[in-house]
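J.: So here's model_1.txt (compact mmCIF, C-alpha atoms).
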# COMPACT_ATOMS: atom_id res chain seq x y z
CA MET O 1 12.80 -3.99 29.86
CA THR O 2 13.69 -2.31 26.60
CA MET O 3 16.19 -3.81 24.18
CA PRO O 4 17.59 -1.60 21.39
CA ILE O 5 17.86 -3.25 18.03
CA SER O 6 20.29 -2.02 15.42
CA PRO O 7 20.14 -2.07 11.64
CA ASP O 8 21.94 -4.72 9.60
CA ARG O 9 25.68 -4.38 9.43
CA GLY O 10 27.22 -6.47 6.69
CA PRO O 11 30.91 -7.34 6.25
CA ARG O 12 33.15 -4.80 4.55
CA ILE O 13 33.89 -5.65 0.92
CA PRO O 14 36.84 -4.24 -1.02
CA ASP O 15 35.86 -1.53 -3.47
CA ARG O 16 36.04 -2.93 -7.01
CA GLY O 17 34.06 -0.33 -8.87
CA PRO O 18 30.70 1.38 -8.63
CA ARG O 19 28.41 -0.54 -6.34
CA ILE O 20 24.93 -0.26 -5.00
CA PRO O 21 23.85 -1.99 -1.81
CA ASP O 22 22.04 -5.27 -1.83
CA ARG O 23 18.30 -4.81 -1.90
CA ASP O 24 16.60 -5.99 1.27
CA THR O 25 13.78 -8.01 -0.21
CA ARG O 26 11.49 -7.90 2.81
CA ILE O 27 9.89 -4.64 1.65
CA ASP O 28 9.28 -6.21 -1.77
CA VAL O 29 7.82 -9.39 -0.28
CA PHE O 30 5.46 -7.51 2.04
CA ARG O 31 4.40 -5.29 -0.85
CA ALA O 32 3.80 -8.32 -3.07
CA LEU O 33 1.66 -10.00 -0.43
CA ALA O 34 -0.36 -6.79 -0.01
CA LEU O 35 -0.89 -6.57 -3.77
CA LEU O 36 -2.08 -10.17 -4.00
CA ILE O 37 -4.44 -9.74 -1.06
CA ILE O 38 -5.84 -6.53 -2.57
CA PHE O 39 -6.44 -8.42 -5.81
CA VAL O 40 -8.37 -11.20 -4.07
CA ASP O 41 -10.41 -8.67 -2.07
CA HIS O 42 -11.31 -6.86 -5.29
CA VAL O 43 -13.05 -9.96 -6.61
CA PRO O 44 -15.87 -10.18 -4.04
CA GLY O 45 -17.89 -13.30 -3.59
CA THR O 46 -15.15 -15.88 -4.12
CA ALA O 47 -14.35 -18.59 -1.61
CA PHE O 48 -10.92 -17.01 -1.08
CA GLU O 49 -12.23 -13.63 0.04
CA THR O 50 -12.89 -15.03 3.52
CA LEU O 51 -9.23 -16.02 3.91
CA THR O 52 -7.57 -12.65 3.37
CA TYR O 53 -5.99 -10.34 5.93
CA LYS O 54 -9.14 -8.25 6.47
CA ASN O 55 -10.80 -11.23 8.15
CA PHE O 56 -8.22 -11.30 10.94
CA GLY O 57 -8.45 -7.79 12.34
CA PHE O 58 -9.59 -4.21 11.97
CA SER O 59 -7.25 -3.18 9.14
CA ASP O 60 -6.81 -4.68 5.69
CA ALA O 61 -4.19 -4.78 2.95
CA ALA O 62 -4.77 -1.13 2.03
CA GLU O 63 -3.34 0.04 5.36
CA ALA O 64 -0.35 -2.26 4.97
CA PHE O 65 0.28 -1.01 1.43
CA VAL O 66 0.20 2.68 2.44
CA LEU O 67 2.54 2.05 5.39
CA ILE O 68 4.95 0.21 3.08
CA SER O 69 4.66 3.02 0.52
CA GLY O 70 5.86 5.53 3.11
CA MET O 71 8.81 3.31 3.96
CA SER O 72 9.63 2.90 0.27
CA VAL O 73 9.65 6.66 -0.32
CA ALA O 74 12.08 7.05 2.59
CA LEU O 75 14.36 4.42 1.07
CA ALA O 76 14.24 5.85 -2.44
CA TYR O 77 14.36 9.59 -1.73
CA GLY O 78 15.31 10.13 1.92
CA SER O 79 19.06 10.30 1.39
CA LYS O 80 18.61 12.78 -1.48
CA PHE O 81 16.74 15.17 0.78
CA GLN O 82 19.44 14.89 3.43
CA SER O 83 22.32 15.38 0.97
CA GLY O 84 20.98 18.61 -0.51
CA ASP O 85 19.47 17.27 -3.76
CA ARG O 86 16.00 18.31 -2.65
CA LEU O 87 14.92 19.95 -5.89
CA LEU O 88 15.84 16.92 -7.98
CA ALA O 89 14.20 14.54 -5.50
CA THR O 90 11.07 16.70 -5.44
CA LEU O 91 10.85 16.71 -9.24
CA LYS O 92 11.28 12.93 -9.31
CA LEU O 93 8.53 12.46 -6.74
CA TRP O 94 6.20 14.73 -8.69
CA ARG O 95 7.05 12.91 -11.90
CA ARG O 96 6.16 9.67 -10.15
CA ALA O 97 2.90 11.25 -8.98
CA GLY O 98 2.20 12.21 -12.60
CA VAL O 99 2.78 8.63 -13.71
CA LEU O 100 0.36 7.44 -11.04
CA TYR O 101 -2.23 10.00 -12.16
CA VAL O 102 -2.00 8.86 -15.78
CA ALA O 103 -2.15 5.24 -14.65
CA HIS O 104 -5.28 6.03 -12.63
CA ILE O 105 -7.01 7.62 -15.64
CA VAL O 106 -6.03 4.78 -17.98
CA THR O 107 -7.21 2.21 -15.43
CA THR O 108 -10.53 4.02 -15.08
CA MET O 109 -11.06 3.98 -18.85
CA ALA O 110 -10.14 0.29 -19.05
CA VAL O 111 -12.56 -0.62 -16.26
CA LEU O 112 -15.34 1.39 -17.91
CA ALA O 113 -14.70 -0.46 -21.17
CA ILE O 114 -14.89 -3.84 -19.39
CA PHE O 115 -18.26 -3.11 -17.77
CA CYS O 116 -19.68 -1.49 -20.92
CA ALA O 117 -18.60 -4.51 -22.98
CA ALA O 118 -20.31 -6.83 -20.50
CA ALA O 119 -23.48 -4.74 -20.69
CA MET O 120 -23.48 -4.88 -24.50
CA PHE O 121 -22.29 -8.37 -25.37
CA ALA O 122 -23.61 -10.29 -22.37
CA LYS O 123 -26.92 -8.43 -22.50
CA ARG O 124 -26.48 -7.30 -18.89
CA PRO O 125 -27.47 -3.63 -18.68
CA ASP O 126 -27.33 -3.91 -14.89
CA MET O 127 -23.53 -3.80 -15.21
CA LEU O 128 -23.84 -0.08 -15.88
CA THR O 129 -25.36 0.45 -12.43
CA LEU O 130 -22.33 -0.94 -10.60
CA ILE O 131 -19.07 0.57 -9.22
CA ASN O 132 -20.27 4.17 -9.64
CA ILE O 133 -20.77 3.94 -13.42
CA GLU O 134 -24.44 4.96 -13.44
CA PRO O 135 -23.74 8.71 -12.93
CA LEU O 136 -21.63 8.64 -16.10
CA ILE O 137 -24.66 7.47 -18.08
CA ARG O 138 -26.89 10.17 -16.54
CA GLU O 139 -24.60 13.19 -16.80
CA PRO O 140 -21.46 12.31 -18.76
CA GLN O 141 -20.16 15.88 -19.06
CA HIS O 142 -20.03 16.35 -15.28
CA VAL O 143 -18.65 12.89 -14.54
CA LEU O 144 -15.88 13.23 -17.12
CA ILE O 145 -14.77 16.41 -15.37
CA GLY O 146 -14.95 14.51 -12.10
CA ILE O 147 -12.81 11.68 -13.46
CA VAL O 148 -10.10 14.04 -14.68
CA THR O 149 -10.11 16.02 -11.41
CA LEU O 150 -10.22 12.79 -9.34
CA GLY O 151 -13.62 13.69 -7.90
CA HIS O 152 -15.40 10.70 -9.44
CA GLN O 153 -13.87 7.35 -8.68
CA LEU O 154 -14.45 3.75 -9.61
CA GLY O 155 -11.68 2.75 -7.21
CA TYR O 156 -9.20 4.55 -5.00
CA ASN O 157 -5.91 4.49 -6.90
CA ASN O 158 -5.90 8.30 -6.80
CA ILE O 159 -4.78 8.49 -3.17
CA TYR O 160 -1.25 7.33 -4.01
CA ALA O 161 -0.67 10.13 -6.51
CA VAL O 162 -1.81 12.70 -3.95
CA LEU O 163 0.43 11.26 -1.23
CA LEU O 164 3.43 11.50 -3.56
CA LEU O 165 2.58 15.11 -4.38
CA MET O 166 2.65 15.81 -0.65
CA ALA O 167 5.74 13.66 -0.01
CA PRO O 168 8.43 16.36 -0.54
CA THR O 169 6.89 18.46 2.23
CA PHE O 170 6.67 15.40 4.46
CA LEU O 171 10.30 14.50 3.78
CA LEU O 172 11.53 18.02 4.46
CA PHE O 173 9.83 18.35 7.83
CA ILE O 174 10.45 14.78 8.98
CA SER O 175 14.14 15.02 8.05
CA TYR O 176 14.66 17.95 10.43
CA ARG O 177 11.95 17.69 13.09
CA PRO O 178 10.58 14.13 13.01
CA PHE O 179 8.60 14.30 16.26
CA THR O 180 7.13 17.71 15.49
CA ALA O 181 6.31 16.60 11.95
CA LEU O 182 4.55 13.46 13.16
CA ALA O 183 2.65 15.49 15.77
CA LEU O 184 1.42 17.86 13.04
CA SER O 185 0.59 14.93 10.78
CA GLY O 186 -1.37 13.27 13.59
CA THR O 187 -3.19 16.52 14.34
CA LEU O 188 -4.22 16.80 10.69
CA TRP O 189 -5.48 13.20 10.80
CA LEU O 190 -7.50 13.90 13.95
CA VAL O 191 -8.98 17.21 12.78
CA ALA O 192 -9.91 15.74 9.38
CA GLY O 193 -11.63 12.83 11.10
CA ILE O 194 -13.51 14.83 13.73
CA TYR O 195 -14.73 17.56 11.37
CA GLN O 196 -15.11 15.27 8.32
CA ILE O 197 -12.71 17.26 6.15
CA ALA O 198 -11.85 15.52 2.88
CA PRO O 199 -11.66 16.18 -0.87
CA PRO O 200 -15.24 16.23 -2.20
CA ASN O 201 -16.65 13.98 -4.86
CA HIS O 202 -17.90 15.49 -8.12
CA PRO O 203 -20.63 15.48 -9.30
CA GLU O 204 -21.97 13.00 -6.72
CA PRO O 205 -22.17 13.98 -3.04
CA GLY O 206 -19.73 12.70 -0.45
CA PHE O 207 -15.98 12.39 -0.06
CA TRP O 208 -13.15 10.41 -1.59
CA PHE O 209 -13.31 6.81 -0.44
CA LEU O 210 -9.81 7.09 1.07
CA ASN O 211 -9.21 10.56 2.46
CA PRO O 212 -5.58 11.60 1.83
CA LEU O 213 -5.74 14.06 4.75
CA SER O 214 -6.31 11.07 7.02
CA TRP O 215 -4.16 8.45 5.35
CA GLN O 216 -1.13 10.75 5.17
CA PHE O 217 -0.57 10.02 8.89
CA LEU O 218 -0.01 6.31 8.26
CA PHE O 219 2.16 7.12 5.23
CA ASN O 220 4.26 9.48 7.35
CA ILE O 221 4.66 6.93 10.14
CA GLY O 222 6.21 4.54 7.63
CA LEU O 223 8.33 7.33 6.16
CA ALA O 224 9.59 8.57 9.55
CA SER O 225 10.38 5.10 10.89
CA MET O 226 12.49 4.23 7.86
CA LEU O 227 14.32 7.56 7.87
CA HIS O 228 15.10 6.96 11.55
CA ILE O 229 16.56 3.54 10.75
CA ARG O 230 18.59 4.84 7.81
CA ARG O 231 20.19 7.38 10.11
CA GLY O 232 21.40 4.56 12.35
CA GLY O 233 18.49 4.72 14.75
CA VAL O 234 16.95 1.75 16.47
CA ILE O 235 13.45 0.47 17.05
CA PRO O 236 13.24 -0.55 20.71
CA VAL O 237 11.53 -3.80 21.59
CA ASN O 238 9.65 -3.39 24.86
CA ARG O 239 8.05 -6.47 26.38
CA TRP O 240 5.05 -4.48 27.60
CA LEU O 241 4.50 -2.97 24.17
CA VAL O 242 4.89 -6.40 22.59
CA GLY O 243 2.31 -7.78 25.01
CA ALA O 244 -0.09 -4.92 24.34
CA SER O 245 0.29 -5.37 20.57
CA ALA O 246 -0.33 -9.11 20.83
CA ALA O 247 -3.39 -8.54 23.05
CA TYR O 248 -4.76 -5.94 20.64
CA PHE O 249 -4.23 -8.28 17.69
CA ALA O 250 -6.02 -11.13 19.50
CA THR O 251 -8.89 -8.85 20.54
CA ALA O 252 -9.34 -7.61 16.97
CA LEU O 253 -9.32 -11.18 15.67
CA VAL O 254 -12.25 -12.07 17.94
CA TRP O 255 -14.02 -8.73 17.50
CA VAL O 256 -14.39 -8.89 13.71
CA HIS O 257 -16.22 -12.20 14.02
CA SER O 258 -18.66 -10.93 16.65
CA PRO O 259 -21.77 -8.71 16.51
CA LEU O 260 -19.65 -5.85 17.88
CA TRP O 261 -18.08 -5.44 14.42
CA GLY O 262 -21.28 -3.78 13.20
CA HIS O 263 -21.15 -0.89 15.69
CA VAL O 264 -20.24 2.46 14.17
CA SER O 265 -18.79 4.11 17.29
CA TRP O 266 -18.73 3.90 21.07
CA LEU O 267 -19.24 6.22 24.07
CA ASN O 268 -20.62 8.98 21.82
CA LEU O 269 -17.07 9.74 20.72
CA PRO O 270 -16.17 10.70 17.13
CA VAL O 271 -16.07 7.79 14.71
CA VAL O 272 -12.42 8.51 13.97
CA LEU O 273 -11.57 7.58 17.58
CA THR O 274 -13.80 4.60 18.32
CA GLY O 275 -15.25 3.46 14.98
CA PHE O 276 -13.93 1.42 12.09
CA ASP O 277 -14.37 3.93 9.28
CA LYS O 278 -11.97 3.38 6.39
CA THR O 279 -12.39 6.76 4.71
CA PHE O 280 -11.01 8.68 7.69
CA LEU O 281 -8.76 5.83 8.93
CA SER O 282 -10.33 5.38 12.35
CA LEU O 283 -8.00 4.84 15.30
CA PRO O 284 -8.80 1.12 15.78
CA ARG O 285 -7.76 0.43 12.18
CA LEU O 286 -4.62 2.55 12.53
CA LEU O 287 -3.59 0.86 15.78
CA HIS O 288 -4.19 -2.58 14.30
CA VAL O 289 -1.82 -2.18 11.35
CA LEU O 290 0.79 -0.63 13.66
CA ALA O 291 0.41 -3.47 16.18
CA VAL O 292 0.88 -6.10 13.47
CA SER O 293 3.91 -4.24 12.11
CA TYR O 294 5.46 -3.95 15.57
CA LEU O 295 5.02 -7.66 16.24
CA ILE O 296 6.83 -8.44 12.98
CA VAL O 297 9.61 -6.07 14.00
CA ALA O 298 9.85 -7.49 17.51
CA PHE O 299 10.35 -11.11 16.48
CA PRO O 300 13.34 -11.62 14.15
CA SER O 301 12.24 -15.18 13.43
CA VAL O 302 9.05 -13.79 11.92
CA SER O 303 10.73 -10.93 10.08
CA ASN O 304 13.34 -13.16 8.50
CA LEU O 305 10.66 -15.45 7.08
CA PHE O 306 10.04 -12.69 4.55
CA ARG O 307 13.69 -12.26 3.58
CA THR O 308 14.26 -14.00 0.25
CA SER O 309 16.71 -13.98 -2.61
CA ARG O 310 16.29 -11.21 -5.18
CA ASP O 311 15.07 -13.70 -7.79
CA HIS O 312 12.27 -15.03 -5.57
CA PRO O 313 8.86 -14.68 -7.27
CA LEU O 314 7.42 -12.52 -4.47
CA ALA O 315 10.48 -10.26 -4.46
CA ILE O 316 10.17 -9.74 -8.20
CA LEU O 317 6.43 -9.09 -7.97
CA GLY O 318 6.85 -6.53 -5.19
CA LYS O 319 9.67 -4.79 -7.02
CA ARG O 320 7.32 -4.13 -9.97
CA SER O 321 4.53 -2.88 -7.75
CA LEU O 322 3.07 -0.09 -9.91
CA PRO O 323 2.46 -2.02 -13.16
CA VAL O 324 1.38 -5.06 -11.14
CA PHE O 325 -1.07 -2.98 -9.10
CA ILE O 326 -2.60 -1.36 -12.19
CA THR O 327 -2.79 -4.64 -14.09
CA GLY O 328 -4.17 -6.43 -11.04
CA THR O 329 -6.89 -3.80 -10.71
CA VAL O 330 -8.01 -4.26 -14.31
CA ILE O 331 -7.88 -8.07 -14.03
CA ALA O 332 -9.88 -7.92 -10.79
CA MET O 333 -12.59 -5.84 -12.46
CA ALA O 334 -12.75 -8.32 -15.34
CA ALA O 335 -12.99 -11.16 -12.82
CA GLN O 336 -15.79 -9.29 -11.04
CA VAL O 337 -17.76 -9.17 -14.28
CA MET O 338 -17.16 -12.86 -14.94
CA LYS O 339 -18.24 -13.72 -11.40
CA LEU O 340 -21.43 -11.68 -11.77
CA ILE O 341 -22.30 -13.27 -15.11
CA ASN O 342 -21.50 -16.78 -13.91
CA PRO O 343 -21.26 -17.16 -10.11
CA GLY O 344 -19.86 -20.68 -10.46
CA GLY O 345 -18.43 -22.55 -7.49
CA PHE O 346 -15.13 -23.28 -5.78
CA ALA O 347 -13.46 -24.60 -8.94
CA TYR O 348 -14.53 -21.52 -10.88
CA ASP O 349 -13.32 -19.22 -8.10
CA SER O 350 -10.00 -21.04 -8.04
CA LEU O 351 -9.60 -20.62 -11.79
CA LEU O 352 -10.40 -16.90 -11.68
CA ILE O 353 -8.05 -16.12 -8.80
CA ALA O 354 -5.23 -18.40 -9.98
CA ALA O 355 -5.37 -17.03 -13.53
CA GLY O 356 -5.33 -13.43 -12.28
CA ILE O 357 -2.37 -14.04 -9.97
CA ALA O 358 -0.50 -15.92 -12.70
CA MET O 359 -0.93 -12.99 -15.11
CA GLN O 360 0.48 -10.58 -12.53
CA PHE O 361 3.52 -12.78 -11.94
CA ALA O 362 3.98 -13.13 -15.70
CA LEU O 363 3.98 -9.34 -16.08
CA ALA O 364 6.49 -8.91 -13.24
CA TYR O 365 8.84 -11.50 -14.73
CA TYR O 366 8.53 -9.93 -18.17
CA LEU O 367 9.43 -6.50 -16.79
CA GLU O 368 12.32 -7.99 -14.84
CA TRP O 369 13.62 -9.70 -17.98
CA LEU O 370 13.17 -6.49 -19.98
CA SER O 371 15.23 -4.51 -17.46
CA SER O 372 18.02 -7.09 -17.59
CA ILE O 373 18.67 -6.46 -21.29
CA GLY O 374 21.93 -4.56 -21.50
CA GLY O 375 22.36 -5.04 -17.76
CA ASN O 376 26.17 -5.32 -18.08
CA SER O 377 26.36 -1.53 -18.05
CA LYS O 378 24.75 -1.32 -14.63
CA PRO O 379 26.79 -0.80 -11.45
CA VAL O 380 28.22 -3.91 -9.85
CA ARG O 381 26.02 -5.15 -7.04
CA SER O 382 27.54 -6.57 -3.92
CA GLN O 383 27.32 -10.34 -3.91
CA ALA O 384 27.68 -10.76 -0.17
CA PRO O 385 25.02 -13.06 1.26
CA PRO O 386 22.17 -11.27 3.02
CA ILE O 387 22.64 -10.77 6.73
CA HIS O 388 19.78 -12.00 8.90
CA ALA O 389 18.75 -8.92 10.81
CA SER O 390 17.60 -9.01 14.37
CA PHE O 391 14.46 -7.09 13.54
CA GLY O 392 11.90 -6.60 10.83
CA VAL O 393 12.58 -3.46 8.89
CA GLY O 394 16.09 -2.33 9.68
CA GLY O 395 18.89 -1.99 7.20
CA MET O 396 16.71 -1.88 4.12
CA ALA O 397 18.82 -1.13 1.08
CA ALA O 398 18.06 1.94 -0.92
CA GLY O 399 17.38 0.13 -4.17
CA VAL O 400 13.66 0.69 -4.54
CA ASN O 401 11.83 0.43 -7.83
CA ARG O 402 10.97 3.95 -8.92
If you convert what's in this file into structure tokens, what do you get?

T.:
Amino acid sequence: MTMPISPDRGPRIPDRGPRIPDRDTRIDVFRALALLIIFVDHVPGTAFETLTYKNFGFSDAAEAFVLISGMSVALAYGSKFQSGDRLLATLKLWRRAGVLYVAHIVTTMAVLAIFCAAAMFAKRPDMLTLINIEPLIREPQHVLIGIVTLGHQLGYNNIYAVLLLMAPTFLLFISYRPFTALALSGTLWLVAGIYQIAPPNHPEPGFWFLNPLSWQFLFNIGLASMLHIRRGGVIPVNRWLVGASAAYFATALVWVHSPLWGHVSWLNLPVVLTGFDKTFLSLPRLLHVLAVSYLIVAFPSVSNLFRTSRDHPLAILGKRSLPVFITGTVIAMAAQVMKLINPGGFAYDSLLIAAGIAMQFALAYYLEWLSSIGGNSKPVRSQAPPIHASFGVGGMAAGVNR
């Protein structure tokens, strides 16, 4: 049995001036949770690392964040592509990609400074052998070129800038031929995984840690699903698909805590089909994040748990995702250094993680306060109470932080 589920439909409100729709905070809340989980995962060795999302299945917070990013792009720019403002929307997306590129370079320099300072002042030269810093000491001229061209990475922030550069093409094709576009996107994912096609590192051998040719498929799934909903489409809830998703989730939960988790691939098939490779986004990881997302969509009681007021701390944090993500990355690297210098115990771990999270919330609240200065000139926002939707991601408002 298949039950169609429609987007939110709120009550009609008399027009009293320029208005923008209420922001559906579920996207912000999910994004905030992904950011916080990524932060905890980026401070390895703490007691809290064993409690994050990656310990409950094949995928981790990175997959969730990329899926949400695709949905957010559809919310922010999808209507502009459909209304004919494609050039302006493209320029805005590329400007955003430029901001992400600059943020990536600045973050890289800040992280290098943190580890170099630890090596100097804490008398720990071994810090310069970590997180891919050692090549910079050996051949700085080549590595500096690699940093600027994104071929040498201390992290993987660069993938988001590349996805945004590609986003106008994605939006154009998905707007007109969504099924064909997704088929082409999936084919690119499969070919890249089978033949190991990815942007190369420089000067070190290997590929980017997260291959944009693979991860674009997940990004496009999020983008296409949200464009479909914005057009008045529905996400069907099928009991067999719900059962399969639940069974897959349960299997993954058991699998990651068994010796099977160490196997690279099965049945002599390519790793992208049967392995758990993160670089090329292997199929088990892709299916896991999609299964979890579908279960959230299928059960309104679960979806509505994440619907909050716009002044909720998680909604504010998720709304300011870019500065929070960059700041969280730098704080996580500083916490890594502190953890390496002094491993400490549970109390120390709690202090590191709590302080890092508190600083990210403080930044988000500061930016929210800053944007409210002179806010009387902004369009009037509908004050109707949020409608509790019958599914997870429908009816998202277009107000997305750009």

J.: Excluding same-chain residues fewer than 6 positions from O:Val162, what lies within 12 Å of it counting only C-alpha atoms, as a short mmCIF file (atom, residue, chain, number, x, y, z; two decimals) with C-alpha atoms, in the frame of the given file?

T.:
data_model
loop_
_atom_site.label_atom_id
_atom_site.label_comp_id
_atom_site.auth_asym_id
_atom_site.auth_seq_id
_atom_site.Cartn_x
_atom_site.Cartn_y
_atom_site.Cartn_z
CA LEU O 93 8.53 12.46 -6.74
CA TRP O 94 6.20 14.73 -8.69
CA ARG O 95 7.05 12.91 -11.90
CA ARG O 96 6.16 9.67 -10.15
CA ALA O 97 2.90 11.25 -8.98
CA GLY O 98 2.20 12.21 -12.60
CA VAL O 99 2.78 8.63 -13.71
CA LEU O 100 0.36 7.44 -11.04
CA TYR O 101 -2.23 10.00 -12.16
CA HIS O 104 -5.28 6.03 -12.63
CA THR O 149 -10.11 16.02 -11.41
CA LEU O 150 -10.22 12.79 -9.34
CA TYR O 156 -9.20 4.55 -5.00
CA PRO O 168 8.43 16.36 -0.54
CA PRO O 199 -11.66 16.18 -0.87
CA TRP O 208 -13.15 10.41 -1.59
CA LEU O 210 -9.81 7.09 1.07
CA ASN O 211 -9.21 10.56 2.46
CA PRO O 212 -5.58 11.60 1.83
CA LEU O 213 -5.74 14.06 4.75
CA SER O 214 -6.31 11.07 7.02
CA TRP O 215 -4.16 8.45 5.35
CA GLN O 216 -1.13 10.75 5.17
CA PHE O 219 2.16 7.12 5.23
#

J.: Just want the 12 Å neighbourhood of O:Leu218, counted on all atoms listed in the file, with same-chain residues fewer than 6 positions away dropped. Output as an NGL selection string.

T.: :O and (59 or 62-71 or 163 or 170 or 182 or 185-186 or 188-189 or 211-212 or 224-225 or 280-283 or 285-290 or 293)

J.: Tell me, in Å to one decimal, how far atom CA of O:Thr308 is from atom CA of O:Thr329.

T.: 25.9 Å

J.: Any idea what the distance is between atom CA of O:Trp369 and atom CA of O:Ser72?

T.: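 Computing it gives 22.5 Å between the two atoms.
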
J.: Give the padded box for stretch 329-341 of chain O as JSON: axis-aligned, covering all atoms listed in the file, 3 Å on each side, centre and edge lengths in Å to one decimal.

T.:
{"center_x": -14.6, "center_y": -8.8, "center_z": -13.0, "size_x": 21.4, "size_y": 15.9, "size_z": 10.6}

J.: From the options O:Phe361, O:Phe209, O:Trp255, O:Phe276, which residue's atoms come nearest to O:Val324, counting all atoms listed in the file?

T.: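 Closest to O:Val324, using all atoms listed in the file: O:Phe361.
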
J.: Which value, in Å to one decimal, gives the distance between atom CA of O:Ile353 and atom CA of O:Leu367?

T.: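 Straight-line distance from atom CA of O:Ile353 to atom CA of O:Leu367 works out to 21.5 Å.
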
J.: Considering all atoms listed in the file, can you say which of O:Trp261, O:Tyr176, O:Phe207, O:Phe306 comes closest to O:Asp24?

T.: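 The closest residue to O:Asp24 is O:Phe306.
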
J.: Determine, counting all atoms listed in the file, every residue of protein, DNA or RNA that lies within 12 Å of (-20.6, -13.1, -16.3) in the file coordinates, then give the result as a list in words.

T.: Ile114, Phe115, Ala117, Ala118, Ala119, Met120, Phe121, Ala122, Lys123, Arg124, Pro125, Asp126, Met127, Met333, Ala334, Ala335, Gln336, Val337, Met338, Lys339, Leu340, Ile341, Asn342, Pro343, Gly344, Tyr348 and Leu352 of chain O
